[in-house]
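To start, the structure itself, in structure tokens.
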Amino acid sequence: MAQPFFRFKQFTIRHDRCAMKVTTDACLFGAWCAEALRSGPPVELLDIGTGTGLLSLLIAQQCDVRIDAVEIDPEAEAQAAENIAAAPFGAIRIIGGDILATPLPQYGAIVSNPPFYESEIEPEGGARSIAHHSGGLRWAPLFAFLKAHLKESGTAFLLLPYKRRGDLARLLQEQDLSVQAVATVHPTPGHEAARLMVRLGHESATVQEEVIYIKEGDGYSPRFVDLLRPYYLYL
């Protein structure tokens with residue numbers, strides 16, 4: 001049985017009551033977001049589908065932010081609240097409910113690890129289906145939400161499956177949003193790309209592109225270590 005928690009240097013994530021557990025992809029994504037945000041001015045941030053609260057805590061550790069973390073599943077909402085209450089930092093407010101039915105302001109930054117597989121056959125219902133598939137939030141309304149709730153100079157960050165990059169391009173065009181940075185994530189140099197980490201906004205910019213390998217040789221890649229060293233216990 002997997003451990004019911006994941007311990008970082010400055011906080012612990014308990015995930016035994018959440019459908020989606022702590023993953024390497026999510027940790028890398030949160031660290032990538034934090035790197036982009038920590039050099040900027042203070043910002044109000046929205047975490048869509050916070051789950052365990054992982055992304056909010058990864059960002060709050062390094063950045064001057066006030067965070068609204070929204071979660072539709074009551075069990076995950078309760079566990080996120082416990083994880084955040086036990087952490088030693090961060091102004092993070094948990095909001096239970098559906099973002100599409102919750103009055104929310106505009107934000108300077110939005111982060112989300114949205115459902116991956118809405119165009120594929122879904123498993124039977126339940127919290128994991130909502131979290132990992134399309135039961136809770138489809139991509140089209142998500143991108144429309146980003147357009148409406150992202151400030152003019154704001155940035156949104158998404159973790160997406162690489163194979164859905166065509167859907168990403170189409171939805172960005174429909175909502176008149178622009179990619180500002182993209183990281184293509186490979187498990188190793190010998191594996192095909194698995195994930196895209198994307199930064200986007202209303203304003204067009206020269207796209208910053210990079211390729212990140214999670215592992216190289218016998219260990220983590222230098223770029224992965226650089227991003228995760230503030231968090232992982234043994235880096």
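Chain identifiers are assigned as A, B, and so on, following the order in which chains appear in the structure tokens; residues are numbered from 1 within each chain, and ligands are numbered from 1 in order of appearance.
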Find the spatial neighbours of region 141-146 of chain A, counting only C-alpha atoms, within a cut-off of 10 Å - ignore same-chain residues fewer than 2 positions away - and output them as number ranges by chain. A: 48, 99-100, 106-107, 109-112, 114, 137-139, 148-151, 155-156, 168, 171-172, 174-177, 200-202
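Using only C-alpha atoms, the nearest neighbour of Arg164 (chain A) within the list A:Ile84, A:Ala205, A:Leu196, A:Leu28 is A:Leu196.
Around Pro187 (chain A), within 10 Å and counting only C-alpha atoms, the residues found are Thr24, Asp25, Ala193, Ala194, Arg195, Ile212, Tyr213, Ile214, Lys215, Glu216, Tyr220 and Ser221 of chain A, once anything fewer than 6 positions away on its own chain is removed.
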Print the selection's residues with all heavy atoms to a file, as a tab-separated table (two decimals), in the first residue's frame.
```tsv
chain	number	residue	atom	x	y	z
A	24	THR	N	5.09	12.99	-9.66
A	24	THR	CA	6.30	13.70	-10.08
A	24	THR	C	5.96	14.82	-11.04
A	24	THR	O	6.52	15.93	-10.95
A	24	THR	CB	7.28	12.71	-10.73
A	24	THR	OG1	7.61	11.69	-9.79
A	24	THR	CG2	8.56	13.42	-11.16
A	25	ASP	N	5.05	14.56	-11.98
A	25	ASP	CA	4.66	15.59	-12.95
A	25	ASP	C	4.11	16.82	-12.25
A	25	ASP	O	4.45	17.95	-12.60
A	25	ASP	CB	3.58	15.05	-13.90
A	25	ASP	CG	4.10	14.00	-14.86
A	25	ASP	OD1	5.34	13.94	-15.06
A	25	ASP	OD2	3.29	13.25	-15.41
A	193	ALA	N	7.92	12.64	-25.56
A	193	ALA	CA	7.35	13.64	-24.65
A	193	ALA	C	6.05	13.11	-24.06
A	193	ALA	O	5.24	12.47	-24.75
A	193	ALA	CB	7.10	14.93	-25.40
A	194	ALA	N	5.83	13.41	-22.78
A	194	ALA	CA	4.62	12.97	-22.09
A	194	ALA	C	3.73	14.13	-21.68
A	194	ALA	O	2.50	14.01	-21.70
A	194	ALA	CB	4.99	12.15	-20.86
A	195	ARG	N	4.32	15.24	-21.30
A	195	ARG	CA	3.56	16.37	-20.78
A	195	ARG	C	4.03	17.68	-21.40
A	195	ARG	O	5.16	17.82	-21.85
A	195	ARG	CB	3.72	16.47	-19.25
A	195	ARG	CG	3.25	15.25	-18.49
A	195	ARG	CD	1.74	15.20	-18.39
A	195	ARG	NE	1.31	14.03	-17.64
A	195	ARG	CZ	0.88	12.90	-18.17
A	195	ARG	NH1	0.83	12.78	-19.50
A	195	ARG	NH2	0.52	11.89	-17.42
A	212	ILE	N	12.51	19.47	-20.87
A	212	ILE	CA	12.93	19.01	-19.55
A	212	ILE	C	12.84	17.49	-19.51
A	212	ILE	O	11.79	16.91	-19.81
A	212	ILE	CB	12.05	19.61	-18.43
A	212	ILE	CG1	12.18	21.13	-18.41
A	212	ILE	CG2	12.45	19.03	-17.07
A	212	ILE	CD1	11.30	21.81	-17.38
A	213	TYR	N	13.95	16.85	-19.16
A	213	TYR	CA	13.96	15.41	-18.89
A	213	TYR	C	13.87	15.22	-17.38
A	213	TYR	O	14.61	15.87	-16.63
A	213	TYR	CB	15.24	14.77	-19.42
A	213	TYR	CG	15.44	14.99	-20.90
A	213	TYR	CD1	16.47	15.81	-21.37
A	213	TYR	CD2	14.60	14.40	-21.83
A	213	TYR	CE1	16.65	16.03	-22.72
A	213	TYR	CE2	14.77	14.61	-23.19
A	213	TYR	CZ	15.79	15.43	-23.62
A	213	TYR	OH	15.96	15.65	-24.97
A	214	ILE	N	13.00	14.34	-16.95
A	214	ILE	CA	12.90	14.09	-15.51
A	214	ILE	C	14.14	13.35	-15.02
A	214	ILE	O	14.73	13.72	-13.99
A	214	ILE	CB	11.61	13.32	-15.18
A	214	ILE	CG1	10.39	14.22	-15.46
A	214	ILE	CG2	11.61	12.85	-13.72
A	214	ILE	CD1	9.06	13.53	-15.27
A	215	LYS	N	14.56	12.33	-15.75
A	215	LYS	CA	15.74	11.58	-15.36
A	215	LYS	C	16.73	11.52	-16.52
A	215	LYS	O	16.34	11.44	-17.68
A	215	LYS	CB	15.37	10.16	-14.92
A	215	LYS	CG	14.63	10.14	-13.58
A	215	LYS	CD	14.47	8.72	-13.05
A	215	LYS	CE	13.88	8.75	-11.65
A	215	LYS	NZ	13.74	7.37	-11.09
A	216	GLU	N	18.00	11.57	-16.18
A	216	GLU	CA	19.09	11.37	-17.13
A	216	GLU	C	20.11	10.47	-16.47
A	216	GLU	O	20.51	10.71	-15.32
A	216	GLU	CB	19.73	12.70	-17.52
A	216	GLU	CG	18.87	13.59	-18.39
A	216	GLU	CD	19.60	14.83	-18.86
A	216	GLU	OE1	19.61	15.83	-18.12
A	216	GLU	OE2	20.17	14.79	-19.96
A	220	TYR	N	18.07	12.02	-11.39
A	220	TYR	CA	17.30	13.13	-11.93
A	220	TYR	C	18.20	14.03	-12.78
A	220	TYR	O	19.40	14.15	-12.53
A	220	TYR	CB	16.70	13.96	-10.80
A	220	TYR	CG	15.59	13.27	-10.03
A	220	TYR	CD1	15.69	13.07	-8.66
A	220	TYR	CD2	14.45	12.81	-10.68
A	220	TYR	CE1	14.68	12.45	-7.95
A	220	TYR	CE2	13.43	12.19	-9.99
A	220	TYR	CZ	13.55	12.00	-8.62
A	220	TYR	OH	12.55	11.37	-7.93
A	221	SER	N	17.60	14.68	-13.77
A	221	SER	CA	18.35	15.58	-14.64
A	221	SER	C	18.74	16.84	-13.88
A	221	SER	O	18.11	17.20	-12.87
A	221	SER	CB	17.50	15.96	-15.84
A	221	SER	OG	16.45	16.83	-15.45
```
Could you give me, as a count of residues only, the residues within 12 Å of Gln62 (chain A), counting only C-alpha atoms and dropping anything in the same chain fewer than 4 positions from it? 24
As JSON, numbers by chain, which residues of region 15-235 of chain A does DSSP assign to strand (DSSP E or B)? {"A": [43, 44, 45, 46, 47, 48, 65, 66, 67, 68, 69, 70, 71, 91, 92, 93, 94, 95, 96, 107, 108, 109, 110, 111, 112, 150, 151, 152, 153, 154, 155, 156, 157, 158, 159, 160, 161, 178, 179, 180, 181, 182, 183, 184, 185, 186, 195, 196, 197, 198, 199, 200, 201, 208, 209, 210, 211, 212, 213, 215, 216, 219, 220]}
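For the atom pair formed by CA of Glu192 (chain A) and CA of Gly217 (chain A), the distance is 16.0 Å, given to one decimal.
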Selection: 8 Å around Gly97 (chain A), only C-alpha atoms, excl. self and same-chain fewer than 5 positions, as a list in words: Val70, Glu71, Ile72, Asp73 and Thr102 of chain A
Resulting file, chosen residues, C-alpha atoms, as a tab-separated table (two decimals), in the first residue's frame:
```
chain	number	residue	atom	x	y	z
A	70	VAL	CA	-10.92	25.85	-5.48
A	71	GLU	CA	-11.91	22.18	-5.22
A	72	ILE	CA	-15.17	20.52	-6.29
A	73	ASP	CA	-14.76	17.24	-4.35
A	102	THR	CA	-18.72	30.27	-8.09
```
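Take the candidates A:Ile59, A:Val207, A:Cys18, A:Phe8 and check each one against Glu77 (chain A) using only C-alpha atoms; the shortest distance goes to A:Cys18.
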Nearest to Gly96 (chain A) among A:Asp218, A:Gly49, A:Ile67, A:Leu235, with distances taken over only C-alpha atoms: which residue is it? A:Gly49
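For the pair CA of Thr184 (chain A) and CA of Arg170 (chain A), the separation is 18.2 Å.
Nearest to Met20 (chain A) of all the residues A:Asp98, A:Gln79, A:Tyr234, A:Gly219 is A:Gln79, counting only C-alpha atoms.
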Within region 54-224 of chain A, find each residue whose DSSP state, derived from the backbone, is helix (DSSP H, G or I), and express the selection as an NGL selection string. :A and (54-62 or 74-86 or 99-101 or 127-132 or 139-149 or 162-175 or 222-224)
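Our summary of the geometry notes that CA of Asp226 (chain A) is positioned 28.0 Å from CA of Ser204 (chain A).
Nearest-residue note for Leu104 (chain A): choosing from A:Ala86, A:Arg14, A:Leu46, A:Leu158, the minimum distance belongs to A:Leu46, counting only C-alpha atoms.
Each of A:Leu159, A:Met197, A:Val211, A:Ile95 was compared to Ala81 (chain A) using only C-alpha atoms, and A:Ile95 turns out to be the nearest.
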